[in-house]
Number of protein chains: 2
Amino acid sequence: MALSTLAHSKSVPSPPNKYDRRLGEILHHASAVFCDKGFAAASIRDISRASGTSLAGLYYYFKSKDHLLFLIQQEAFTTLIRTLEEKLSGVSDPEQAIRMFVENHLEHFVGDPKRAKVLSHESDTLKGPYQSEIAALKKKYYRQCLTILEQFQAARQLRGVNTRLAVLSLFGMMNWIYTWYNPRVDGDWKEVASQMSSTFLRGVLGAGGNAKPVAQRKQGGTQGNKRSFA
Amino acid sequence: MALSTLAHSKSVPSPPNKYDRRLGEILHHASAVFCDKGFAAASIRDISRASGTSLAGLYYYFKSKDHLLFLIQQEAFTTLIRTLEEKLSGVSDPEQAIRMFVENHLEHFVGDPKRAKVLSHESDTLKGPYQSEIAALKKKYYRQCLTILEQFQAARQLRGVNTRLAVLSLFGMMNWIYTWYNPRVDGDWKEVASQMSSTFLRGVLGAGGNAKPVAQRKQGGTQGNKRSFA
């Protein structure tokens with residue numbers, strides 16, 4: 001099963017020990033401080049106040065402010081990749097896999113919007129080895145999405161889909177949610193994820209070998225859709 | 001013609017005088033500094049250096065760093081709205097209007113990616129009257145997109161489109177472009193705008209009165225599409 005390639009590195013994480021739990025709490029508080037003040041303006045003293053931990057206590061968990069941002073990003077992308085692999089285990093339908101991808105992504109982004117904002121706003125902040133390691137994680141995650149989309153494309157015999165543009169458009173749709181999602185207005189995020197997936201899937205489906213404008217497709221019949229649904 | 005309501009406030013701007021030209025240059029340099037250092041960490045001294053203007057010379061154009069960010073945002077959204085209204089003048093087809101909206105937005109965002117990043121990252125930075133005035137401009141711009149989409153929906157007799165989710169998804173797709181667009185890889189931005197519009201339009205078209213998953217639509221025939229193209 002082709003999608004199993006995405007789950008090959010799946011590993012069941014051990015239950016967090018006291019060190020991991022405390023580190024997780026510190027990363028959570030640090031995300032909130034970086035979100036509210038911006039990374040450049042935030043100080044370790046701010047994080048000390050927010051987390052109720054002494055400066056010495058904090059430096060037991062990280063070496064510098066850069067290292068702290070690295071740990072936030074590393075934890076975020078490692079978790080996104082791990083939970084995606086768990087969700088994809090046993091899924092063989094590429095459409096279902098795309099829906100799982102969107103649901104997994106939005107679950108993390110809606111669940112911690114301050115961290116989502118930090119991931120977006122501080123994506124170019126780190127340099128050197130920290131930057132390289134995060135870039136590798138992001139590339140892995142991007143390629144997971146691309147692989148699923150390519151398998152969807154193959155299964156539906158679509159041609160002419162610009163998969164890079166499609167994946168980056170999908171990331172835009174999903175990542176922007178931290179700026180607007182309001183459960184009182186928008187309802188359950190799972191329904192939002194489902195509608196976003198449907199919009200994306202229909203958009204990609206229609207692209208299969210048919211670059212004509214929608215108006216021309218209307219005049220010319222539904223050939224593009226016939227091919228997609230064949 | 002319904003779309004003319006969007007163009008009612010269209011006005012032909014006067015050619016910029018020396019003050020406006022110099023202000024425009026300062027806003028451009030300030031955007032670059034805010035982009036590279038972040039608003040909180042950037043100083044007026046940095047902008048003085050970047051623009052080759054004395055501090056006293058800068059304070060002839062703005063009162064404070066907050067006022068400067070306000071002017072950047074005000075100029076950006078005023079221009080987006082004005083050029084959109086110019087482009088929509090004479091357009092009666094809502095599909096064409098959506099394509100114009102995307103093209104207008106991407107033209108500005110691809111044309112000045114540093115300003116695009118500042119608009120995105122510093123969207124919550126201002127408070128008080130500055131914030132209120134920018135929020136009103138953003139709301140006007142959002143409603144322009146919503147109006148076009150509602151007219152598209154009416155023209156195609158679509159039902160059940162979540163227009164808020166659709167518009168915010170489109171903004172996500174468009175706004176995210178500053179993070180990835182590379183003309184050497186992605187080619188002409190107008191082609192990117194066209195493909196993004198097509199993906200969005202197909203995604204919305206299929207939503208008309210049909211909330212079933214794509215897989216179910218396949219099994220259940222193309223009723224949703226038939227209705228859209230009727």
# chains A, B, ... in the order shown; residues from 1 in each chain; ligands from 1
>>> closest_atom_pairs(of="chain A", to="chain B", cutoff="8 Å", atoms="only C-alpha atoms", output="JSON lines")
{"residue": "A:Lys37", "atom": "CA", "partner": "B:Ala40", "partner_atom": "CA", "distance": 7.6}
{"residue": "A:Gly38", "atom": "CA", "partner": "B:Ala40", "partner_atom": "CA", "distance": 7.1}
{"residue": "A:Ala40", "atom": "CA", "partner": "B:Ala41", "partner_atom": "CA", "distance": 5.8}
{"residue": "A:Ala41", "atom": "CA", "partner": "B:Ala41", "partner_atom": "CA", "distance": 5.7}
{"residue": "A:Glu95", "atom": "CA", "partner": "B:Ala215", "partner_atom": "CA", "distance": 7.6}
{"residue": "A:His121", "atom": "CA", "partner": "B:His121", "partner_atom": "CA", "distance": 6.1}
{"residue": "A:Leu165", "atom": "CA", "partner": "B:Val192", "partner_atom": "CA", "distance": 7.7}
{"residue": "A:Leu168", "atom": "CA", "partner": "B:Met173", "partner_atom": "CA", "distance": 7.7}
{"residue": "A:Ser169", "atom": "CA", "partner": "B:Met173", "partner_atom": "CA", "distance": 4.7}
{"residue": "A:Leu170", "atom": "CA", "partner": "B:Met173", "partner_atom": "CA", "distance": 6.8}
{"residue": "A:Phe171", "atom": "CA", "partner": "B:Met173", "partner_atom": "CA", "distance": 7.5}
{"residue": "A:Gly172", "atom": "CA", "partner": "B:Met173", "partner_atom": "CA", "distance": 4.4}
{"residue": "A:Met173", "atom": "CA", "partner": "B:Gly172", "partner_atom": "CA", "distance": 4.4}
{"residue": "A:Met174", "atom": "CA", "partner": "B:Gly172", "partner_atom": "CA", "distance": 7.3}
{"residue": "A:Asn175", "atom": "CA", "partner": "B:Gly172", "partner_atom": "CA", "distance": 7.2}
{"residue": "A:Trp176", "atom": "CA", "partner": "B:Gly172", "partner_atom": "CA", "distance": 4.9}
{"residue": "A:Ile177", "atom": "CA", "partner": "B:Gly172", "partner_atom": "CA", "distance": 7.6}
{"residue": "A:Trp180", "atom": "CA", "partner": "B:Leu168", "partner_atom": "CA", "distance": 7.7}
{"residue": "A:Val192", "atom": "CA", "partner": "B:Leu165", "partner_atom": "CA", "distance": 7.7}
{"residue": "A:Gln195", "atom": "CA", "partner": "B:Ala211", "partner_atom": "CA", "distance": 7.8}
{"residue": "A:Met196", "atom": "CA", "partner": "B:Ser169", "partner_atom": "CA", "distance": 7.6}
{"residue": "A:Ser198", "atom": "CA", "partner": "B:Pro213", "partner_atom": "CA", "distance": 6.5}
{"residue": "A:Thr199", "atom": "CA", "partner": "B:Gly203", "partner_atom": "CA", "distance": 4.1}
{"residue": "A:Phe200", "atom": "CA", "partner": "B:Gly203", "partner_atom": "CA", "distance": 6.0}
{"residue": "A:Leu201", "atom": "CA", "partner": "B:Gly203", "partner_atom": "CA", "distance": 7.2}
{"residue": "A:Arg202", "atom": "CA", "partner": "B:Gly203", "partner_atom": "CA", "distance": 4.8}
{"residue": "A:Gly203", "atom": "CA", "partner": "B:Thr199", "partner_atom": "CA", "distance": 4.1}
{"residue": "A:Val204", "atom": "CA", "partner": "B:Thr199", "partner_atom": "CA", "distance": 6.3}
{"residue": "A:Gly206", "atom": "CA", "partner": "B:Arg202", "partner_atom": "CA", "distance": 6.4}
{"residue": "A:Ala207", "atom": "CA", "partner": "B:Thr199", "partner_atom": "CA", "distance": 7.1}
{"residue": "A:Ala211", "atom": "CA", "partner": "B:Gln195", "partner_atom": "CA", "distance": 7.9}
{"residue": "A:Pro213", "atom": "CA", "partner": "B:Ser198", "partner_atom": "CA", "distance": 6.6}
{"residue": "A:Val214", "atom": "CA", "partner": "B:Ser198", "partner_atom": "CA", "distance": 6.8}
{"residue": "A:Ala215", "atom": "CA", "partner": "B:Glu95", "partner_atom": "CA", "distance": 7.6}
{"residue": "A:Lys218", "atom": "CA", "partner": "B:Phe229", "partner_atom": "CA", "distance": 5.9}
{"residue": "A:Phe229", "atom": "CA", "partner": "B:Lys218", "partner_atom": "CA", "distance": 5.8}
>>> write_last_selection(atoms="N, CA and C atoms", output="mmCIF file, in the first residue's frame")
data_model
loop_
_atom_site.group_PDB
_atom_site.id
_atom_site.type_symbol
_atom_site.label_atom_id
_atom_site.label_comp_id
_atom_site.auth_asym_id
_atom_site.auth_seq_id
_atom_site.Cartn_x
_atom_site.Cartn_y
_atom_site.Cartn_z
ATOM 1 N N LYS A 37 4.918 39.290 22.455
ATOM 2 C CA LYS A 37 5.916 40.361 22.381
ATOM 3 C C LYS A 37 6.750 40.315 21.095
ATOM 4 N N GLY A 38 6.693 39.189 20.369
ATOM 5 C CA GLY A 38 7.625 38.983 19.259
ATOM 6 C C GLY A 38 8.923 38.433 19.802
ATOM 7 N N ALA A 40 12.093 38.914 18.966
ATOM 8 C CA ALA A 40 13.204 39.857 19.142
ATOM 9 C C ALA A 40 13.047 40.650 20.439
ATOM 10 N N ALA A 41 11.822 41.037 20.757
ATOM 11 C CA ALA A 41 11.598 41.902 21.916
ATOM 12 C C ALA A 41 11.440 41.116 23.218
ATOM 13 N N GLU A 95 -7.709 10.287 -1.015
ATOM 14 C CA GLU A 95 -8.614 11.386 -0.628
ATOM 15 C C GLU A 95 -8.759 11.434 0.886
ATOM 16 N N HIS A 121 5.409 33.434 12.263
ATOM 17 C CA HIS A 121 6.128 34.718 12.295
ATOM 18 C C HIS A 121 7.633 34.562 12.472
ATOM 19 N N LEU A 165 2.185 24.278 -6.398
ATOM 20 C CA LEU A 165 1.246 25.376 -6.144
ATOM 21 C C LEU A 165 0.066 24.890 -5.304
ATOM 22 N N LEU A 168 1.229 24.367 -1.642
ATOM 23 C CA LEU A 168 1.504 25.645 -0.970
ATOM 24 C C LEU A 168 0.221 26.454 -0.769
ATOM 25 N N SER A 169 -0.726 26.319 -1.686
ATOM 26 C CA SER A 169 -2.027 26.977 -1.495
ATOM 27 C C SER A 169 -2.751 26.367 -0.301
ATOM 28 N N LEU A 170 -2.664 25.032 -0.199
ATOM 29 C CA LEU A 170 -3.308 24.353 0.931
ATOM 30 C C LEU A 170 -2.672 24.788 2.258
ATOM 31 N N PHE A 171 -1.342 24.859 2.281
ATOM 32 C CA PHE A 171 -0.671 25.325 3.505
ATOM 33 C C PHE A 171 -1.122 26.748 3.850
ATOM 34 N N GLY A 172 -1.281 27.597 2.834
ATOM 35 C CA GLY A 172 -1.755 28.962 3.084
ATOM 36 C C GLY A 172 -3.131 28.964 3.726
ATOM 37 N N MET A 173 -4.047 28.193 3.139
ATOM 38 C CA MET A 173 -5.407 28.100 3.682
ATOM 39 C C MET A 173 -5.374 27.669 5.144
ATOM 40 N N MET A 174 -4.567 26.636 5.406
ATOM 41 C CA MET A 174 -4.543 26.052 6.757
ATOM 42 C C MET A 174 -3.826 26.967 7.750
ATOM 43 N N ASN A 175 -2.676 27.490 7.347
ATOM 44 C CA ASN A 175 -1.865 28.270 8.299
ATOM 45 C C ASN A 175 -2.532 29.583 8.687
ATOM 46 N N TRP A 176 -3.298 30.148 7.750
ATOM 47 C CA TRP A 176 -3.923 31.451 7.997
ATOM 48 C C TRP A 176 -4.995 31.380 9.075
ATOM 49 N N ILE A 177 -5.425 30.158 9.401
ATOM 50 C CA ILE A 177 -6.570 29.992 10.307
ATOM 51 C C ILE A 177 -6.323 30.635 11.675
ATOM 52 N N TRP A 180 -8.092 34.001 12.150
ATOM 53 C CA TRP A 180 -9.528 34.259 12.068
ATOM 54 C C TRP A 180 -10.427 33.252 12.783
ATOM 55 N N VAL A 192 -14.835 22.727 9.892
ATOM 56 C CA VAL A 192 -14.026 23.658 9.090
ATOM 57 C C VAL A 192 -12.984 22.873 8.286
ATOM 58 N N GLN A 195 -14.694 21.075 5.381
ATOM 59 C CA GLN A 195 -15.067 21.970 4.276
ATOM 60 C C GLN A 195 -13.821 22.447 3.515
ATOM 61 N N MET A 196 -12.745 22.726 4.271
ATOM 62 C CA MET A 196 -11.512 23.169 3.626
ATOM 63 C C MET A 196 -10.955 22.050 2.732
ATOM 64 N N SER A 198 -12.691 19.678 1.322
ATOM 65 C CA SER A 198 -13.578 19.518 0.156
ATOM 66 C C SER A 198 -13.276 20.572 -0.897
ATOM 67 N N THR A 199 -13.117 21.831 -0.451
ATOM 68 C CA THR A 199 -12.811 22.918 -1.384
ATOM 69 C C THR A 199 -11.508 22.613 -2.116
ATOM 70 N N PHE A 200 -10.503 22.191 -1.353
ATOM 71 C CA PHE A 200 -9.200 21.903 -1.952
ATOM 72 C C PHE A 200 -9.300 20.734 -2.934
ATOM 73 N N LEU A 201 -9.955 19.664 -2.519
ATOM 74 C CA LEU A 201 -10.041 18.465 -3.365
ATOM 75 C C LEU A 201 -10.788 18.763 -4.667
ATOM 76 N N ARG A 202 -11.885 19.509 -4.558
ATOM 77 C CA ARG A 202 -12.621 19.861 -5.788
ATOM 78 C C ARG A 202 -11.762 20.733 -6.684
ATOM 79 N N GLY A 203 -11.039 21.686 -6.057
ATOM 80 C CA GLY A 203 -10.170 22.582 -6.832
ATOM 81 C C GLY A 203 -9.112 21.814 -7.581
ATOM 82 N N VAL A 204 -8.522 20.816 -6.929
ATOM 83 C CA VAL A 204 -7.469 20.016 -7.559
ATOM 84 C C VAL A 204 -8.064 19.051 -8.576
ATOM 85 N N GLY A 206 -10.665 19.330 -10.474
ATOM 86 C CA GLY A 206 -11.013 19.987 -11.725
ATOM 87 C C GLY A 206 -9.809 20.375 -12.546
ATOM 88 N N ALA A 207 -8.638 20.458 -11.877
ATOM 89 C CA ALA A 207 -7.435 20.888 -12.593
ATOM 90 C C ALA A 207 -6.896 19.803 -13.511
ATOM 91 N N ALA A 211 -6.814 23.209 -18.105
ATOM 92 C CA ALA A 211 -6.372 24.517 -17.610
ATOM 93 C C ALA A 211 -7.285 25.634 -18.083
ATOM 94 N N PRO A 213 -10.370 28.270 -18.292
ATOM 95 C CA PRO A 213 -11.142 28.944 -17.253
ATOM 96 C C PRO A 213 -12.471 28.237 -17.000
ATOM 97 N N VAL A 214 -13.000 28.440 -15.814
ATOM 98 C CA VAL A 214 -14.257 27.797 -15.427
ATOM 99 C C VAL A 214 -15.360 28.143 -16.420
ATOM 100 N N ALA A 215 -15.395 29.404 -16.856
ATOM 101 C CA ALA A 215 -16.446 29.821 -17.793
ATOM 102 C C ALA A 215 -16.369 29.021 -19.083
ATOM 103 N N LYS A 218 -17.639 25.577 -18.615
ATOM 104 C CA LYS A 218 -19.097 25.528 -18.603
ATOM 105 C C LYS A 218 -19.620 25.401 -20.029
ATOM 106 N N PHE A 229 -13.715 11.979 -12.275
ATOM 107 C CA PHE A 229 -14.550 11.024 -11.545
ATOM 108 C C PHE A 229 -14.573 9.653 -12.211
#
>>> atom_distance(atom1="CA of Tyr59 (chain A)", atom2="CA of Ile134 (chain A)")
21.4 Å
>>> select_by_dssp(residues="region 97-139 of chain A", states="alpha helix (DSSP H)", output="ChimeraX atom specification")
/A:97-111,113-121,128-139
>>> atom_distance(atom1="CA of Leu84 (chain B)", atom2="CA of Pro183 (chain B)")
23.3 Å
>>> atom_distance(atom1="CA of Phe70 (chain A)", atom2="CA of Asn182 (chain A)")
28.6 Å
>>> closest_residue(among="B:Ile26, B:Leu158, B:Ile148, B:Ala193", to="Pro94 (chain B)", atoms="only C-alpha atoms")
B:Ile148
>>> residues_around(residues="Leu23 (chain B)", least_positions_apart="5", cutoff="9 Å", atoms="only C-alpha atoms", output="list in words")
Lys18, His28 and Tyr61 of chain B
>>> write_last_selection(atoms="N, CA and C atoms", output="PDB file, in the first residue's frame")
ATOM      1  N   LYS B  18       5.976  66.046  -4.552  1.00  0.00           N
ATOM      2  CA  LYS B  18       7.292  65.703  -3.986  1.00  0.00           C
ATOM      3  C   LYS B  18       7.140  65.104  -2.579  1.00  0.00           C
ATOM      4  N   HIS B  28       8.564  52.643   2.109  1.00  0.00           N
ATOM      5  CA  HIS B  28       9.202  51.474   1.506  1.00  0.00           C
ATOM      6  C   HIS B  28      10.411  51.026   2.346  1.00  0.00           C
ATOM      7  N   TYR B  61       7.577  63.575   8.482  1.00  0.00           N
ATOM      8  CA  TYR B  61       6.589  62.747   7.770  1.00  0.00           C
ATOM      9  C   TYR B  61       5.703  61.919   8.704  1.00  0.00           C
TER      10      TYR B  61
END
>>> closest_residue(among="B:Leu126, B:Leu149, B:Gly111, B:Ala154", to="Trp189 (chain B)", atoms="only C-alpha atoms")
B:Gly111
